[in-house]
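Worksheet for the structure shown next.
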Amino acid sequence: MARGGKRAQRPLPPPLPAAQRTVGQLVAESLRLYGRHFVRALPLGLGVAAINQLTVDVDRFAVGAVLLVAAPAFSAAYAYACQLEAETAVAPRSWLVAIAAGTLVFVPAALLFPWFALAAVLWLGLVGLAVPAAMREGPSLTASLRRGLELGRADYVHAAGSLATLVILFFLTRIGLALLLESQADNTVRTAIFLSDAVLAPLLFLGGAILYEDQTARLDSRRDRRKE
């Protein structure tokens with residue numbers, strides 16, 4: 001190569017299959033999915049932003065109460081993200097089962113989150129995949145909850161680590177974006193937080209939808225190895 005010439009760009013390695021996908025690749029896939037469905041995914045963030053406005057400058061008991069009441073809304077948002085990720089229509093019954101399962105699963109997380117956010121994330125990593133299980137597989141409420149637990153246990157470290165990474169990324173980026181919006185324009189703190197939540201929150205739900213693919217692939221791979 002001649003001196004001063006540009007180096008030839010090497011192609012990026014292909015992404016790992018779902019059964020071997022790392023937490024970093026899950027975040028990257030979440031960003032790609034968000035980019036493909038940006039307009040359709042925005043309602044996910046607007047809902048979270050509206051709910052979070054009720055938790056600004058209130059005590060932990062009030063935060064827990066708001067999250068508890070909002071459990072069906074969060075479950076519906078997660079179900080909608082699963083439909084975006086699958087890019088297929090889902091039967092109304094599956095929607096009802098997914099929202100019911102998500103509400104039951106989210107209640108303990110809502111009570112834990114104001115005091116110990118990590119415990120809430122660990123709980124959702126274990127049983128939270130009941131929502132995509134209902135949307136993608138269409139079982140009953142009991143079967144969805146059982147399937148969510150089975151998927152969470154398939155590779156719990158990956159499930160909990162992925163959700164924890166998404167939550168940490170959301171809060172860190174949210175703080176930075178809120179500070180930037182507040183300093184660059186004449187916005188109130190509430191407005192900055194609302195805009196940050198609206199833009200960033202869809203990644204939480206979309207990442208959870210992709211996590212279902214990872215855990216399903218890991219569970220199937222484990223079963224195949226046992227058969228061999």
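Every chain in the structure tokens takes a letter, A first, then B, and so on in the order presented; its residues are numbered from 1, and the ligands are numbered from 1 following the presented order.
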
Which range 131-153 of chain A residues have any atom within 7 Å of an atom of range 99-106 of chain A, and for each, what is the nearest pair of atoms with distance in Å to one decimal, counting only C-alpha atoms, rows sorted by chain and number, as JSON lines?
```
{"residue": "A:Val131", "atom": "CA", "partner": "A:Gly102", "partner_atom": "CA", "distance": 5.5}
{"residue": "A:Leu141", "atom": "CA", "partner": "A:Ala101", "partner_atom": "CA", "distance": 6.2}
{"residue": "A:Leu145", "atom": "CA", "partner": "A:Ala101", "partner_atom": "CA", "distance": 6.5}
```

Please save N, CA, C and O atoms of the selected residues as a PDB file, in the first residue's frame.
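Generated file (part04.pdb):
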```pdb
ATOM      1  N   VAL A 131     -44.798 -12.653  28.382  1.00  0.00           N
ATOM      2  CA  VAL A 131     -45.529 -11.788  27.433  1.00  0.00           C
ATOM      3  C   VAL A 131     -45.222 -12.171  25.988  1.00  0.00           C
ATOM      4  O   VAL A 131     -46.153 -12.443  25.209  1.00  0.00           O
ATOM      5  N   LEU A 141     -53.127 -18.566  29.788  1.00  0.00           N
ATOM      6  CA  LEU A 141     -52.436 -17.720  30.758  1.00  0.00           C
ATOM      7  C   LEU A 141     -51.455 -18.541  31.595  1.00  0.00           C
ATOM      8  O   LEU A 141     -50.291 -18.157  31.761  1.00  0.00           O
ATOM      9  N   LEU A 145     -47.262 -18.222  31.540  1.00  0.00           N
ATOM     10  CA  LEU A 145     -46.430 -17.985  32.719  1.00  0.00           C
ATOM     11  C   LEU A 145     -45.391 -19.095  32.888  1.00  0.00           C
ATOM     12  O   LEU A 145     -44.221 -18.831  33.207  1.00  0.00           O
TER      13      LEU A 145
END
```

Got a sec: who's within 10 Å of range 166-171 of chain A, counting only C-alpha atoms, leaving out chain neighbours fewer than 5 positions off, as a count of residues only? 24

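Going from CA of Gly35 in chain A to CA of Glu85 in chain A covers 11.7 Å.
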
Can you list every residue of range 88-158 of chain A that has an atom at most 6 Å from range 60-70 of chain A, with its nearest atom pair and the distance in Å to one decimal, using only C-alpha atoms, ordered by chain then number, as a Markdown table?
```
| residue | atom | partner | partner_atom | distance |
| --- | --- | --- | --- | --- |
| A:Val107 | CA | A:Leu68 | CA | 5.9 |
| A:Ala110 | CA | A:Leu67 | CA | 5.3 |
| A:Leu111 | CA | A:Gly64 | CA | 5.3 |
| A:Pro114 | CA | A:Arg60 | CA | 5.4 |
```

Output N, CA and C atoms for every residue in the selection just made, as a short mmCIF file (atom, residue, chain, number, x, y, z; two decimals), in the first residue's frame.
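Saved result, out.cif, follows:
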```cif
data_model
loop_
_atom_site.label_atom_id
_atom_site.label_comp_id
_atom_site.auth_asym_id
_atom_site.auth_seq_id
_atom_site.Cartn_x
_atom_site.Cartn_y
_atom_site.Cartn_z
N VAL A 107 -46.40 -6.86 38.61
CA VAL A 107 -46.80 -6.36 39.93
C VAL A 107 -45.65 -6.46 40.95
N ALA A 110 -43.07 -3.84 40.09
CA ALA A 110 -43.50 -2.48 40.42
C ALA A 110 -43.30 -2.17 41.90
N LEU A 111 -43.55 -3.16 42.75
CA LEU A 111 -43.38 -2.97 44.18
C LEU A 111 -41.90 -2.92 44.58
N PRO A 114 -39.02 0.88 43.21
CA PRO A 114 -38.64 2.13 43.89
C PRO A 114 -37.57 1.94 44.95
#
```
